[in-house]
Amino acid sequence: MNQHFDVLVIGGGPGGYVAAIRAAQLGKKVALVDKERPGGVCLNWGCIPTKAMLRSAEVLETVRGAGEFGVLADDVRLDYSTVLQRKDRIVRTLTDQ
């Protein structure tokens, strides 16, 4: 099967992903090739998942310090499986649309 493309983008990381979208917006027929998932390491395994998990830690620390503001939040715990589910949901939302 032969196909013709105006633009071939190799690597679906932050640069390649955006380049492919922009070329398509400009009316080009685009092929994006990546050995893994579009979005690269940053979106799928690095930056975005890390930021999602860090946000959970920030919320935990904020709630633990709530007594200083007169807000009583007894028995504050971290549910790590829920943290991972949230992280996975964020990555899915950004990659599977």
# chains A, B, ... in the order shown; residues from 1 in each chain; ligands from 1
$ select_by_dssp --residues "range 16-89 of chain A" --states "strand (DSSP E or B)" --output "list in words"
Val30, Ala31, Leu32 and Val33 of chain A
$ write_last_selection --atoms "C-alpha atoms" --output "PDB file, in the first residue's frame"
ATOM      1  CA  VAL A  30       0.763  14.417   7.646  1.00  0.00           C
ATOM      2  CA  ALA A  31       2.155  11.115   8.872  1.00  0.00           C
ATOM      3  CA  LEU A  32       3.562  10.921  12.383  1.00  0.00           C
ATOM      4  CA  VAL A  33       5.756   7.933  13.189  1.00  0.00           C
TER       5      VAL A  33
END
$ residues_around --residues "range 10-22 of chain A" --least-positions-apart "5" --cutoff "9 Å" --atoms "only C-alpha atoms" --output "count of residues only"
16
$ residues_around --residues "Ala57 in chain A" --least-positions-apart "5" --cutoff "12 Å" --atoms "only C-alpha atoms" --output "list in words"
Thr50, Lys51, Ala52, Thr62, Val63, Arg64, Val76, Arg77, Leu78, Asp79, Tyr80, Val83 and Leu84 of chain A
$ closest_residue --among "A:Ile48, A:Leu54, A:Leu8, A:Ala66" --to "Thr93 in chain A" --atoms "only C-alpha atoms"
A:Ile48
$ select_by_dssp --residues "chain A" --states "helix (DSSP H, G or I)" --output "ChimeraX atom specification"
/A:14-25,40-44,47-64,66-69,80-95
$ atom_distance --atom1 "CA of Leu94 in chain A" --atom2 "CA of Glu58 in chain A"
21.8 Å
$ atom_distance --atom1 "CA of Lys87 in chain A" --atom2 "CA of Val9 in chain A"
27.7 Å
$ atom_distance --atom1 "CA of Asp6 in chain A" --atom2 "CA of Asn44 in chain A"
27.3 Å
